[in-house]
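Novice: Contents of entry_39.txt (compact mmCIF, N, CA and C atoms):
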# COMPACT_ATOMS: atom_id res chain seq x y z
N MET U 1 0.83 -1.19 0.00
CA MET U 1 0.00 0.00 0.00
C MET U 1 0.87 1.26 0.00
N GLU U 2 2.16 1.11 0.23
CA GLU U 2 3.06 2.26 0.30
C GLU U 2 3.08 3.04 -1.02
N ASP U 3 3.20 2.34 -2.16
CA ASP U 3 3.16 3.02 -3.46
C ASP U 3 1.84 3.73 -3.65
N LEU U 4 0.76 3.10 -3.22
CA LEU U 4 -0.56 3.71 -3.36
C LEU U 4 -0.67 4.97 -2.51
N GLU U 5 -0.10 4.95 -1.32
CA GLU U 5 -0.13 6.13 -0.45
C GLU U 5 0.65 7.29 -1.07
N THR U 6 1.76 6.99 -1.72
CA THR U 6 2.52 8.03 -2.41
C THR U 6 1.67 8.65 -3.52
N PHE U 7 0.95 7.81 -4.26
CA PHE U 7 0.05 8.30 -5.30
C PHE U 7 -1.06 9.15 -4.69
N LEU U 8 -1.68 8.65 -3.64
CA LEU U 8 -2.80 9.36 -3.01
C LEU U 8 -2.38 10.71 -2.45
N ALA U 9 -1.15 10.81 -1.96
CA ALA U 9 -0.67 12.06 -1.38
C ALA U 9 -0.64 13.19 -2.41
N LYS U 10 -0.61 12.85 -3.69
CA LYS U 10 -0.60 13.87 -4.74
C LYS U 10 -1.99 14.43 -5.02
N ILE U 11 -3.02 13.78 -4.51
CA ILE U 11 -4.39 14.27 -4.68
C ILE U 11 -4.65 15.28 -3.57
N THR U 12 -4.95 16.51 -3.94
CA THR U 12 -5.04 17.58 -2.95
C THR U 12 -6.35 17.60 -2.17
N GLU U 13 -7.40 17.00 -2.70
CA GLU U 13 -8.69 16.99 -2.01
C GLU U 13 -8.81 15.72 -1.17
N HIS U 14 -8.93 15.91 0.13
CA HIS U 14 -8.90 14.78 1.06
C HIS U 14 -10.08 13.82 0.89
N ASP U 15 -11.24 14.32 0.50
CA ASP U 15 -12.38 13.42 0.30
C ASP U 15 -12.11 12.48 -0.87
N LYS U 16 -11.42 12.96 -1.90
CA LYS U 16 -11.07 12.11 -3.04
C LYS U 16 -9.99 11.10 -2.64
N GLN U 17 -9.02 11.57 -1.86
CA GLN U 17 -8.00 10.66 -1.33
C GLN U 17 -8.65 9.53 -0.56
N ASP U 18 -9.56 9.91 0.35
CA ASP U 18 -10.21 8.92 1.21
C ASP U 18 -11.05 7.93 0.41
N LYS U 19 -11.73 8.42 -0.61
CA LYS U 19 -12.57 7.55 -1.44
C LYS U 19 -11.71 6.49 -2.13
N LEU U 20 -10.58 6.91 -2.70
CA LEU U 20 -9.71 5.95 -3.36
C LEU U 20 -8.97 5.07 -2.37
N ARG U 21 -8.55 5.64 -1.25
CA ARG U 21 -7.86 4.84 -0.22
C ARG U 21 -8.76 3.69 0.25
N THR U 22 -10.03 4.00 0.45
CA THR U 22 -10.99 2.98 0.87
C THR U 22 -11.14 1.92 -0.22
N LEU U 23 -11.28 2.36 -1.48
CA LEU U 23 -11.40 1.40 -2.58
C LEU U 23 -10.16 0.52 -2.66
N PHE U 24 -8.98 1.11 -2.63
CA PHE U 24 -7.74 0.34 -2.71
C PHE U 24 -7.64 -0.67 -1.57
N SER U 25 -7.98 -0.22 -0.38
CA SER U 25 -7.94 -1.10 0.79
C SER U 25 -8.89 -2.28 0.64
N HIS U 26 -10.09 -2.00 0.16
CA HIS U 26 -11.08 -3.07 -0.02
C HIS U 26 -10.66 -4.05 -1.12
N ILE U 27 -10.05 -3.53 -2.18
CA ILE U 27 -9.54 -4.42 -3.24
C ILE U 27 -8.50 -5.36 -2.66
N LEU U 28 -7.56 -4.82 -1.89
CA LEU U 28 -6.48 -5.65 -1.33
C LEU U 28 -6.99 -6.58 -0.24
N ASP U 29 -8.04 -6.21 0.47
CA ASP U 29 -8.65 -7.11 1.45
C ASP U 29 -9.31 -8.29 0.74
N GLU U 30 -9.99 -7.99 -0.36
CA GLU U 30 -10.71 -9.02 -1.12
C GLU U 30 -9.77 -9.90 -1.94
N PHE U 31 -8.69 -9.30 -2.43
CA PHE U 31 -7.72 -10.01 -3.29
C PHE U 31 -6.30 -9.77 -2.76
N PRO U 32 -5.96 -10.40 -1.64
CA PRO U 32 -4.67 -10.11 -1.00
C PRO U 32 -3.45 -10.50 -1.82
N ASP U 33 -3.62 -11.32 -2.85
CA ASP U 33 -2.47 -11.71 -3.67
C ASP U 33 -2.16 -10.72 -4.79
N LEU U 34 -3.02 -9.72 -4.98
CA LEU U 34 -2.73 -8.70 -5.98
C LEU U 34 -1.55 -7.84 -5.53
N GLN U 35 -0.76 -7.41 -6.49
CA GLN U 35 0.35 -6.53 -6.19
C GLN U 35 0.00 -5.12 -6.69
N PRO U 36 -0.09 -4.15 -5.79
CA PRO U 36 -0.30 -2.77 -6.24
C PRO U 36 1.01 -2.18 -6.73
N VAL U 37 0.97 -1.54 -7.88
CA VAL U 37 2.16 -0.90 -8.45
C VAL U 37 1.74 0.44 -9.06
N ILE U 38 2.71 1.31 -9.23
CA ILE U 38 2.49 2.55 -9.95
C ILE U 38 3.27 2.44 -11.26
N LYS U 39 2.55 2.52 -12.37
CA LYS U 39 3.17 2.49 -13.70
C LYS U 39 2.56 3.62 -14.51
N TRP U 40 3.40 4.32 -15.25
CA TRP U 40 2.93 5.46 -16.04
C TRP U 40 2.18 6.47 -15.17
N GLY U 41 2.60 6.57 -13.90
CA GLY U 41 2.03 7.54 -12.98
C GLY U 41 0.66 7.18 -12.43
N GLN U 42 0.20 5.96 -12.69
CA GLN U 42 -1.14 5.55 -12.27
C GLN U 42 -1.07 4.27 -11.44
N PRO U 43 -1.96 4.15 -10.46
CA PRO U 43 -2.00 2.91 -9.69
C PRO U 43 -2.61 1.77 -10.52
N MET U 44 -1.99 0.62 -10.39
CA MET U 44 -2.45 -0.59 -11.07
C MET U 44 -2.34 -1.75 -10.10
N PHE U 45 -3.15 -2.74 -10.36
CA PHE U 45 -3.08 -3.98 -9.60
C PHE U 45 -2.69 -5.08 -10.57
N THR U 46 -1.69 -5.86 -10.18
CA THR U 46 -1.18 -6.91 -11.05
C THR U 46 -1.21 -8.25 -10.32
N SER U 47 -1.12 -9.28 -11.12
CA SER U 47 -0.98 -10.64 -10.60
C SER U 47 0.03 -11.34 -11.50
N HIS U 48 0.99 -12.02 -10.94
CA HIS U 48 2.08 -12.67 -11.66
C HIS U 48 2.61 -11.77 -12.78
N GLN U 49 2.81 -10.49 -12.45
CA GLN U 49 3.35 -9.46 -13.34
C GLN U 49 2.47 -9.22 -14.57
N THR U 50 1.17 -9.49 -14.43
CA THR U 50 0.18 -9.26 -15.49
C THR U 50 -0.83 -8.24 -14.99
N PHE U 51 -1.17 -7.29 -15.84
CA PHE U 51 -2.13 -6.24 -15.52
C PHE U 51 -3.50 -6.84 -15.24
N ILE U 52 -4.11 -6.40 -14.13
CA ILE U 52 -5.46 -6.83 -13.78
C ILE U 52 -6.42 -5.64 -13.81
N LEU U 53 -6.03 -4.52 -13.22
CA LEU U 53 -6.92 -3.35 -13.16
C LEU U 53 -6.10 -2.10 -12.92
N GLY U 54 -6.51 -1.01 -13.55
CA GLY U 54 -5.84 0.27 -13.33
C GLY U 54 -6.84 1.36 -12.99
N ILE U 55 -6.35 2.39 -12.35
CA ILE U 55 -7.17 3.53 -11.94
C ILE U 55 -6.44 4.79 -12.40
N SER U 56 -7.18 5.75 -12.93
CA SER U 56 -6.61 7.06 -13.23
C SER U 56 -7.55 8.13 -12.70
N VAL U 57 -6.99 9.28 -12.39
CA VAL U 57 -7.73 10.33 -11.71
C VAL U 57 -7.82 11.57 -12.59
N SER U 58 -9.00 12.18 -12.62
CA SER U 58 -9.17 13.48 -13.25
C SER U 58 -10.06 14.32 -12.34
N LYS U 59 -10.24 15.56 -12.70
CA LYS U 59 -10.98 16.47 -11.83
C LYS U 59 -12.42 16.01 -11.57
N PRO U 60 -13.21 15.64 -12.61
CA PRO U 60 -14.61 15.30 -12.34
C PRO U 60 -14.87 13.84 -11.96
N HIS U 61 -13.86 12.98 -12.14
CA HIS U 61 -14.10 11.55 -11.93
C HIS U 61 -12.77 10.80 -11.79
N PHE U 62 -12.88 9.52 -11.50
CA PHE U 62 -11.73 8.64 -11.69
C PHE U 62 -12.15 7.55 -12.65
N SER U 63 -11.20 7.02 -13.37
CA SER U 63 -11.48 6.01 -14.38
C SER U 63 -10.94 4.67 -13.91
N VAL U 64 -11.69 3.64 -14.27
CA VAL U 64 -11.30 2.27 -13.97
C VAL U 64 -11.02 1.59 -15.30
N SER U 65 -9.86 0.99 -15.42
CA SER U 65 -9.46 0.32 -16.65
C SER U 65 -9.20 -1.16 -16.38
N PRO U 66 -10.13 -2.01 -16.83
CA PRO U 66 -9.92 -3.44 -16.66
C PRO U 66 -9.44 -4.13 -17.94
N GLU U 67 -9.15 -3.39 -18.99
CA GLU U 67 -8.88 -3.83 -20.35
C GLU U 67 -10.20 -4.13 -21.07
N THR U 68 -10.19 -3.95 -22.36
CA THR U 68 -11.40 -4.03 -23.17
C THR U 68 -12.11 -5.38 -23.06
N ALA U 69 -11.37 -6.47 -23.09
CA ALA U 69 -12.01 -7.80 -23.04
C ALA U 69 -12.84 -7.98 -21.78
N CYS U 70 -12.35 -7.47 -20.68
CA CYS U 70 -13.09 -7.54 -19.42
C CYS U 70 -14.24 -6.55 -19.42
N LEU U 71 -13.97 -5.31 -19.81
CA LEU U 71 -14.99 -4.28 -19.80
C LEU U 71 -16.21 -4.73 -20.62
N ASN U 72 -15.98 -5.33 -21.77
CA ASN U 72 -17.08 -5.78 -22.62
C ASN U 72 -17.99 -6.79 -21.93
N GLN U 73 -17.46 -7.57 -21.02
CA GLN U 73 -18.25 -8.56 -20.29
C GLN U 73 -19.23 -7.91 -19.31
N PHE U 74 -18.97 -6.65 -18.95
CA PHE U 74 -19.73 -6.01 -17.88
C PHE U 74 -20.41 -4.71 -18.31
N ILE U 75 -20.54 -4.47 -19.61
CA ILE U 75 -21.13 -3.21 -20.10
C ILE U 75 -22.50 -2.95 -19.49
N SER U 76 -23.37 -3.95 -19.47
CA SER U 76 -24.73 -3.72 -18.97
C SER U 76 -24.70 -3.34 -17.49
N GLU U 77 -23.81 -3.94 -16.70
CA GLU U 77 -23.71 -3.61 -15.28
C GLU U 77 -23.10 -2.22 -15.07
N ILE U 78 -22.15 -1.86 -15.93
CA ILE U 78 -21.54 -0.53 -15.86
C ILE U 78 -22.61 0.53 -16.13
N GLU U 79 -23.39 0.31 -17.16
CA GLU U 79 -24.45 1.26 -17.51
C GLU U 79 -25.53 1.29 -16.43
N ALA U 80 -25.89 0.13 -15.87
CA ALA U 80 -26.90 0.07 -14.82
C ALA U 80 -26.45 0.83 -13.57
N ALA U 81 -25.14 0.86 -13.33
CA ALA U 81 -24.60 1.59 -12.18
C ALA U 81 -24.58 3.10 -12.43
N GLY U 82 -24.85 3.50 -13.67
CA GLY U 82 -24.86 4.93 -13.99
C GLY U 82 -23.50 5.49 -14.37
N TYR U 83 -22.56 4.62 -14.72
CA TYR U 83 -21.22 5.05 -15.09
C TYR U 83 -21.13 5.22 -16.60
N SER U 84 -20.42 6.25 -17.04
CA SER U 84 -20.14 6.40 -18.46
C SER U 84 -18.91 5.56 -18.80
N HIS U 85 -18.75 5.25 -20.09
CA HIS U 85 -17.63 4.39 -20.48
C HIS U 85 -17.19 4.68 -21.91
N THR U 86 -15.99 4.24 -22.20
CA THR U 86 -15.47 4.20 -23.56
C THR U 86 -15.19 2.73 -23.85
N ASP U 87 -14.45 2.46 -24.89
CA ASP U 87 -14.09 1.07 -25.19
C ASP U 87 -13.10 0.49 -24.19
N ASN U 88 -12.38 1.36 -23.47
CA ASN U 88 -11.29 0.90 -22.61
C ASN U 88 -11.48 1.16 -21.12
N ILE U 89 -12.32 2.11 -20.77
CA ILE U 89 -12.46 2.51 -19.37
C ILE U 89 -13.91 2.79 -19.03
N PHE U 90 -14.19 2.83 -17.72
CA PHE U 90 -15.44 3.42 -17.28
C PHE U 90 -15.12 4.44 -16.20
N ARG U 91 -16.00 5.44 -16.10
CA ARG U 91 -15.74 6.58 -15.23
C ARG U 91 -16.72 6.59 -14.05
N ILE U 92 -16.18 6.87 -12.89
CA ILE U 92 -17.00 7.04 -11.69
C ILE U 92 -16.81 8.47 -11.23
N LYS U 93 -17.88 9.25 -11.30
CA LYS U 93 -17.80 10.63 -10.83
C LYS U 93 -17.52 10.61 -9.33
N TRP U 94 -16.80 11.61 -8.88
CA TRP U 94 -16.48 11.71 -7.45
C TRP U 94 -17.74 11.76 -6.60
N THR U 95 -18.84 12.22 -7.17
CA THR U 95 -20.10 12.32 -6.43
C THR U 95 -20.90 11.02 -6.44
N GLN U 96 -20.49 10.05 -7.24
CA GLN U 96 -21.20 8.77 -7.32
C GLN U 96 -20.64 7.78 -6.31
N SER U 97 -21.49 6.84 -5.92
CA SER U 97 -21.00 5.76 -5.07
C SER U 97 -20.23 4.75 -5.94
N ILE U 98 -19.35 4.03 -5.30
CA ILE U 98 -18.54 3.03 -6.00
C ILE U 98 -19.21 1.67 -5.86
N ASP U 99 -19.50 1.05 -6.98
CA ASP U 99 -20.04 -0.31 -6.97
C ASP U 99 -18.86 -1.27 -6.85
N GLU U 100 -18.44 -1.50 -5.61
CA GLU U 100 -17.28 -2.36 -5.38
C GLU U 100 -17.53 -3.79 -5.83
N ALA U 101 -18.75 -4.26 -5.70
CA ALA U 101 -19.07 -5.62 -6.14
C ALA U 101 -18.78 -5.78 -7.63
N LEU U 102 -19.10 -4.77 -8.41
CA LEU U 102 -18.83 -4.80 -9.85
C LEU U 102 -17.33 -4.81 -10.10
N ILE U 103 -16.60 -3.97 -9.42
CA ILE U 103 -15.14 -3.94 -9.58
C ILE U 103 -14.54 -5.27 -9.17
N PHE U 104 -15.03 -5.86 -8.09
CA PHE U 104 -14.52 -7.15 -7.65
C PHE U 104 -14.81 -8.24 -8.69
N LYS U 105 -15.98 -8.19 -9.32
CA LYS U 105 -16.30 -9.17 -10.37
C LYS U 105 -15.34 -9.01 -11.55
N MET U 106 -15.00 -7.78 -11.88
CA MET U 106 -14.06 -7.55 -12.97
C MET U 106 -12.67 -8.08 -12.63
N ILE U 107 -12.25 -7.83 -11.42
CA ILE U 107 -10.95 -8.35 -10.99
C ILE U 107 -10.94 -9.87 -11.04
N ALA U 108 -11.99 -10.49 -10.53
CA ALA U 108 -12.08 -11.96 -10.54
C ALA U 108 -12.08 -12.48 -11.97
N PHE U 109 -12.80 -11.81 -12.86
CA PHE U 109 -12.81 -12.20 -14.27
C PHE U 109 -11.40 -12.16 -14.84
N ASN U 110 -10.71 -11.03 -14.63
CA ASN U 110 -9.35 -10.91 -15.18
C ASN U 110 -8.39 -11.91 -14.56
N LEU U 111 -8.51 -12.16 -13.27
CA LEU U 111 -7.63 -13.15 -12.64
C LEU U 111 -7.81 -14.52 -13.28
N ALA U 112 -9.06 -14.91 -13.53
CA ALA U 112 -9.33 -16.21 -14.15
C ALA U 112 -8.93 -16.21 -15.62
N ASP U 113 -9.31 -15.16 -16.33
CA ASP U 113 -9.07 -15.08 -17.77
C ASP U 113 -7.58 -14.96 -18.10
N LYS U 114 -6.83 -14.37 -17.20
CA LYS U 114 -5.41 -14.12 -17.47
C LYS U 114 -4.48 -14.99 -16.62
N ALA U 115 -5.02 -16.04 -16.07
CA ALA U 115 -4.25 -16.90 -15.15
C ALA U 115 -2.97 -17.45 -15.79
N ASP U 116 -3.01 -17.73 -17.07
CA ASP U 116 -1.84 -18.32 -17.74
C ASP U 116 -1.05 -17.32 -18.58
N MET U 117 -1.39 -16.05 -18.46
CA MET U 117 -0.68 -15.04 -19.27
C MET U 117 0.74 -14.85 -18.77
N THR U 118 1.61 -14.59 -19.70
CA THR U 118 3.01 -14.33 -19.34
C THR U 118 3.45 -12.94 -19.80
N THR U 119 2.48 -12.14 -20.26
CA THR U 119 2.77 -10.76 -20.68
C THR U 119 1.99 -9.80 -19.77
N PHE U 120 2.36 -8.54 -19.78
CA PHE U 120 1.68 -7.56 -18.94
C PHE U 120 0.26 -7.29 -19.45
N TRP U 121 0.13 -7.01 -20.75
CA TRP U 121 -1.17 -6.73 -21.35
C TRP U 121 -1.68 -7.95 -22.10
N ARG U 122 -2.98 -7.97 -22.38
CA ARG U 122 -3.55 -9.02 -23.22
C ARG U 122 -2.95 -8.94 -24.59
Let's see the structure in the file written out as C-alpha cells.
Specialist:
Amino acid sequence: MEDLETFLAKITEHDKQDKLRTLFSHILDEFPDLQPVIKWGQPMFTSHQTFILGISVSKPHFSVSPETACLNQFISEIEAAGYSHTDNIFRIKWTQSIDEALIFKMIAFNLADKADMTTFWR
C-alpha cells in the first residue's frame, strides 16, 4: 500500500484521497495476492506481473481500466450503475458511489481469464 499512499498524497482533495484509499484497501482485502504498483504515474493492480486493473484520476471523476475484453463482459452492469464508459475505461464521478461488487467481479474475471498469461497486457 506504500506506493498507493505516495500516489494518493498527490491528490489535494482529502475526500477524493479517502474515497480511493478505501477502494484500494477493499480491493487488497478481497484479493490479498494482488500486487499494487504505480506504472505510467497511475496505480495498477497486477498478478504474476500481469495487468489486472488500473485507476486514473481526473478532476470530475476517476477512471477504472480493466482492459477491453473484461470491460465488454460487464457493459450492462456498468451502464446500470450509472457510469459512463469508452471502449477501454469506465468513469465514476467523485459524487457517485462506488459499486465495489462490480469492480470485484471484474478483478475476478481478469484473474481467471489471465491466469496463464506471461505478458503484462492481453
Novice: Set the distance at 8 Å and use only C-alpha atoms: which residues neighbour region 66-73 of chain U once local chain neighbours fewer than 4 positions away are removed? I'd like the list as JSON, numbers by chain.
Specialist: {"U": [52, 53, 54, 87, 88, 89, 106, 107, 109, 110, 122]}
Novice: Which is closest to Thr119 (chain U) among U:Gln49, U:Ser97, U:Gln35, U:Ser63, if we use only C-alpha atoms?
Specialist: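 Selected residue with least distance to Thr119 (chain U): U:Gln49.
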Novice: Using only C-alpha atoms for the distances, tell me which of U:Phe24, U:Trp40, U:Phe120, U:Phe7 is nearest to Glu100 (chain U).
Specialist: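 That would be U:Phe24, the residue with the smallest distance to Glu100 (chain U).
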Novice: Could you work out how far CA of Lys59 (chain U) lies from CA of Thr22 (chain U), giving the answer in Å with one decimal?
Specialist: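 Calculated distance between CA of Thr22 (chain U) and CA of Lys59 (chain U) is 18.5 Å.
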Novice: Run DSSP on the backbone and tell me which residues of chain U come out as helix (DSSP H, G or I); list them as JSON, numbers by chain.
Specialist: {"U": [2, 3, 4, 5, 6, 7, 8, 9, 14, 15, 16, 17, 18, 19, 20, 21, 22, 23, 24, 25, 26, 27, 28, 29, 30, 68, 69, 70, 71, 72, 73, 75, 76, 77, 78, 79, 80, 100, 101, 102, 103, 104, 105, 106, 107, 108, 109, 110, 111, 112, 113]}
Novice: Output N, CA and C atoms of each residue in that selection to a file, as a compact mmCIF listing (two decimals), in the coordinates of the input.
Specialist:
# COMPACT_ATOMS: atom_id res chain seq x y z
N GLU U 2 2.16 1.11 0.23
CA GLU U 2 3.06 2.26 0.30
C GLU U 2 3.08 3.04 -1.02
N ASP U 3 3.20 2.34 -2.16
CA ASP U 3 3.16 3.02 -3.46
C ASP U 3 1.84 3.73 -3.65
N LEU U 4 0.76 3.10 -3.22
CA LEU U 4 -0.56 3.71 -3.36
C LEU U 4 -0.67 4.97 -2.51
N GLU U 5 -0.10 4.95 -1.32
CA GLU U 5 -0.13 6.13 -0.45
C GLU U 5 0.65 7.29 -1.07
N THR U 6 1.76 6.99 -1.72
CA THR U 6 2.52 8.03 -2.41
C THR U 6 1.67 8.65 -3.52
N PHE U 7 0.95 7.81 -4.26
CA PHE U 7 0.05 8.30 -5.30
C PHE U 7 -1.06 9.15 -4.69
N LEU U 8 -1.68 8.65 -3.64
CA LEU U 8 -2.80 9.36 -3.01
C LEU U 8 -2.38 10.71 -2.45
N ALA U 9 -1.15 10.81 -1.96
CA ALA U 9 -0.67 12.06 -1.38
C ALA U 9 -0.64 13.19 -2.41
N HIS U 14 -8.93 15.91 0.13
CA HIS U 14 -8.90 14.78 1.06
C HIS U 14 -10.08 13.82 0.89
N ASP U 15 -11.24 14.32 0.50
CA ASP U 15 -12.38 13.42 0.30
C ASP U 15 -12.11 12.48 -0.87
N LYS U 16 -11.42 12.96 -1.90
CA LYS U 16 -11.07 12.11 -3.04
C LYS U 16 -9.99 11.10 -2.64
N GLN U 17 -9.02 11.57 -1.86
CA GLN U 17 -8.00 10.66 -1.33
C GLN U 17 -8.65 9.53 -0.56
N ASP U 18 -9.56 9.91 0.35
CA ASP U 18 -10.21 8.92 1.21
C ASP U 18 -11.05 7.93 0.41
N LYS U 19 -11.73 8.42 -0.61
CA LYS U 19 -12.57 7.55 -1.44
C LYS U 19 -11.71 6.49 -2.13
N LEU U 20 -10.58 6.91 -2.70
CA LEU U 20 -9.71 5.95 -3.36
C LEU U 20 -8.97 5.07 -2.37
N ARG U 21 -8.55 5.64 -1.25
CA ARG U 21 -7.86 4.84 -0.22
C ARG U 21 -8.76 3.69 0.25
N THR U 22 -10.03 4.00 0.45
CA THR U 22 -10.99 2.98 0.87
C THR U 22 -11.14 1.92 -0.22
N LEU U 23 -11.28 2.36 -1.48
CA LEU U 23 -11.40 1.40 -2.58
C LEU U 23 -10.16 0.52 -2.66
N PHE U 24 -8.98 1.11 -2.63
CA PHE U 24 -7.74 0.34 -2.71
C PHE U 24 -7.64 -0.67 -1.57
N SER U 25 -7.98 -0.22 -0.38
CA SER U 25 -7.94 -1.10 0.79
C SER U 25 -8.89 -2.28 0.64
N HIS U 26 -10.09 -2.00 0.16
CA HIS U 26 -11.08 -3.07 -0.02
C HIS U 26 -10.66 -4.05 -1.12
N ILE U 27 -10.05 -3.53 -2.18
CA ILE U 27 -9.54 -4.42 -3.24
C ILE U 27 -8.50 -5.36 -2.66
N LEU U 28 -7.56 -4.82 -1.89
CA LEU U 28 -6.48 -5.65 -1.33
C LEU U 28 -6.99 -6.58 -0.24
N ASP U 29 -8.04 -6.21 0.47
CA ASP U 29 -8.65 -7.11 1.45
C ASP U 29 -9.31 -8.29 0.74
N GLU U 30 -9.99 -7.99 -0.36
CA GLU U 30 -10.71 -9.02 -1.12
C GLU U 30 -9.77 -9.90 -1.94
N THR U 68 -10.19 -3.95 -22.36
CA THR U 68 -11.40 -4.03 -23.17
C THR U 68 -12.11 -5.38 -23.06
N ALA U 69 -11.37 -6.47 -23.09
CA ALA U 69 -12.01 -7.80 -23.04
C ALA U 69 -12.84 -7.98 -21.78
N CYS U 70 -12.35 -7.47 -20.68
CA CYS U 70 -13.09 -7.54 -19.42
C CYS U 70 -14.24 -6.55 -19.42
N LEU U 71 -13.97 -5.31 -19.81
CA LEU U 71 -14.99 -4.28 -19.80
C LEU U 71 -16.21 -4.73 -20.62
N ASN U 72 -15.98 -5.33 -21.77
CA ASN U 72 -17.08 -5.78 -22.62
C ASN U 72 -17.99 -6.79 -21.93
N GLN U 73 -17.46 -7.57 -21.02
CA GLN U 73 -18.25 -8.56 -20.29
C GLN U 73 -19.23 -7.91 -19.31
N ILE U 75 -20.54 -4.47 -19.61
CA ILE U 75 -21.13 -3.21 -20.10
C ILE U 75 -22.50 -2.95 -19.49
N SER U 76 -23.37 -3.95 -19.47
CA SER U 76 -24.73 -3.72 -18.97
C SER U 76 -24.70 -3.34 -17.49
N GLU U 77 -23.81 -3.94 -16.70
CA GLU U 77 -23.71 -3.61 -15.28
C GLU U 77 -23.10 -2.22 -15.07
N ILE U 78 -22.15 -1.86 -15.93
CA ILE U 78 -21.54 -0.53 -15.86
C ILE U 78 -22.61 0.53 -16.13
N GLU U 79 -23.39 0.31 -17.16
CA GLU U 79 -24.45 1.26 -17.51
C GLU U 79 -25.53 1.29 -16.43
N ALA U 80 -25.89 0.13 -15.87
CA ALA U 80 -26.90 0.07 -14.82
C ALA U 80 -26.45 0.83 -13.57
N GLU U 100 -18.44 -1.50 -5.61
CA GLU U 100 -17.28 -2.36 -5.38
C GLU U 100 -17.53 -3.79 -5.83
N ALA U 101 -18.75 -4.26 -5.70
CA ALA U 101 -19.07 -5.62 -6.14
C ALA U 101 -18.78 -5.78 -7.63
N LEU U 102 -19.10 -4.77 -8.41
CA LEU U 102 -18.83 -4.80 -9.85
C LEU U 102 -17.33 -4.81 -10.10
N ILE U 103 -16.60 -3.97 -9.42
CA ILE U 103 -15.14 -3.94 -9.58
C ILE U 103 -14.54 -5.27 -9.17
N PHE U 104 -15.03 -5.86 -8.09
CA PHE U 104 -14.52 -7.15 -7.65
C PHE U 104 -14.81 -8.24 -8.69
N LYS U 105 -15.98 -8.19 -9.32
CA LYS U 105 -16.30 -9.17 -10.37
C LYS U 105 -15.34 -9.01 -11.55
N MET U 106 -15.00 -7.78 -11.88
CA MET U 106 -14.06 -7.55 -12.97
C MET U 106 -12.67 -8.08 -12.63
N ILE U 107 -12.25 -7.83 -11.42
CA ILE U 107 -10.95 -8.35 -10.99
C ILE U 107 -10.94 -9.87 -11.04
N ALA U 108 -11.99 -10.49 -10.53
CA ALA U 108 -12.08 -11.96 -10.54
C ALA U 108 -12.08 -12.48 -11.97
N PHE U 109 -12.80 -11.81 -12.86
CA PHE U 109 -12.81 -12.20 -14.27
C PHE U 109 -11.40 -12.16 -14.84
N ASN U 110 -10.71 -11.03 -14.63
CA ASN U 110 -9.35 -10.91 -15.18
C ASN U 110 -8.39 -11.91 -14.56
N LEU U 111 -8.51 -12.16 -13.27
CA LEU U 111 -7.63 -13.15 -12.64
C LEU U 111 -7.81 -14.52 -13.28
N ALA U 112 -9.06 -14.91 -13.53
CA ALA U 112 -9.33 -16.21 -14.15
C ALA U 112 -8.93 -16.21 -15.62
N ASP U 113 -9.31 -15.16 -16.33
CA ASP U 113 -9.07 -15.08 -17.77
C ASP U 113 -7.58 -14.96 -18.10
Novice: Just the strand (DSSP E or B) stuff from chain U, please, per backbone DSSP, written as a PyMOL selection string.
Specialist: chain U and resi 35-39+42-47+50-57+61-65+84-85+90-93
Novice: Centre and edge lengths, as JSON, for the axis-aligned box enclosing every listed atom of region 87-100 of chain U with 8 Å of padding on each of the six sides, in Å to one decimal?
Specialist:
{"center_x": -16.4, "center_y": 4.3, "center_z": -15.1, "size_x": 26.2, "size_y": 32.1, "size_z": 36.1}
Novice: What does the distance from CA of Lys39 (chain U) to CA of Val57 (chain U) come to in Å, to one decimal?
Specialist: 13.6 Å
Novice: With only C-alpha atoms as the atoms that count, which of U:Ser76, U:His61, U:Leu20, U:Leu28 lies nearest to Trp94 (chain U)?
Specialist: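 Of U:Ser76, U:His61, U:Leu20, U:Leu28, the one nearest Trp94 (chain U) is U:His61, counting only C-alpha atoms.
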Novice: Quote the spacing between CA of Met117 (chain U) and atom N of Arg21 (chain U) in Å to one decimal place.
Specialist: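 Interatomic distance, CA of Met117 (chain U) to atom N of Arg21 (chain U): 28.5 Å.
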Novice: Counting all atoms listed in the file, which residues sit no farther than 7 Å from the position (-3.1, -3.5, -3.8) in the file's frame? I'd like them as a ChimeraX atom specification.
Specialist: /U:1,24-25,27-28,34-37,44-46
Novice: Could you write those residues out with N, CA and C atoms, as a compact mmCIF listing (two decimals), keeping the file's coordinate frame?
Specialist:
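Ended up saving to again.txt:
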# COMPACT_ATOMS: atom_id res chain seq x y z
N MET U 1 0.83 -1.19 0.00
CA MET U 1 0.00 0.00 0.00
C MET U 1 0.87 1.26 0.00
N PHE U 24 -8.98 1.11 -2.63
CA PHE U 24 -7.74 0.34 -2.71
C PHE U 24 -7.64 -0.67 -1.57
N SER U 25 -7.98 -0.22 -0.38
CA SER U 25 -7.94 -1.10 0.79
C SER U 25 -8.89 -2.28 0.64
N ILE U 27 -10.05 -3.53 -2.18
CA ILE U 27 -9.54 -4.42 -3.24
C ILE U 27 -8.50 -5.36 -2.66
N LEU U 28 -7.56 -4.82 -1.89
CA LEU U 28 -6.48 -5.65 -1.33
C LEU U 28 -6.99 -6.58 -0.24
N LEU U 34 -3.02 -9.72 -4.98
CA LEU U 34 -2.73 -8.70 -5.98
C LEU U 34 -1.55 -7.84 -5.53
N GLN U 35 -0.76 -7.41 -6.49
CA GLN U 35 0.35 -6.53 -6.19
C GLN U 35 0.00 -5.12 -6.69
N PRO U 36 -0.09 -4.15 -5.79
CA PRO U 36 -0.30 -2.77 -6.24
C PRO U 36 1.01 -2.18 -6.73
N VAL U 37 0.97 -1.54 -7.88
CA VAL U 37 2.16 -0.90 -8.45
C VAL U 37 1.74 0.44 -9.06
N MET U 44 -1.99 0.62 -10.39
CA MET U 44 -2.45 -0.59 -11.07
C MET U 44 -2.34 -1.75 -10.10
N PHE U 45 -3.15 -2.74 -10.36
CA PHE U 45 -3.08 -3.98 -9.60
C PHE U 45 -2.69 -5.08 -10.57
N THR U 46 -1.69 -5.86 -10.18
CA THR U 46 -1.18 -6.91 -11.05
C THR U 46 -1.21 -8.25 -10.32
Novice: Would you be able to write out as a list in words which residues have an atom within 6.5 Å of (-14.8, 5.3, -13.0) in the file's coordinates, counting all atoms listed in the file?
Specialist: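 Selection result: His61, Phe62, Ser63, Val64, Phe90, Arg91, Ile92 and Lys93 of chain U.
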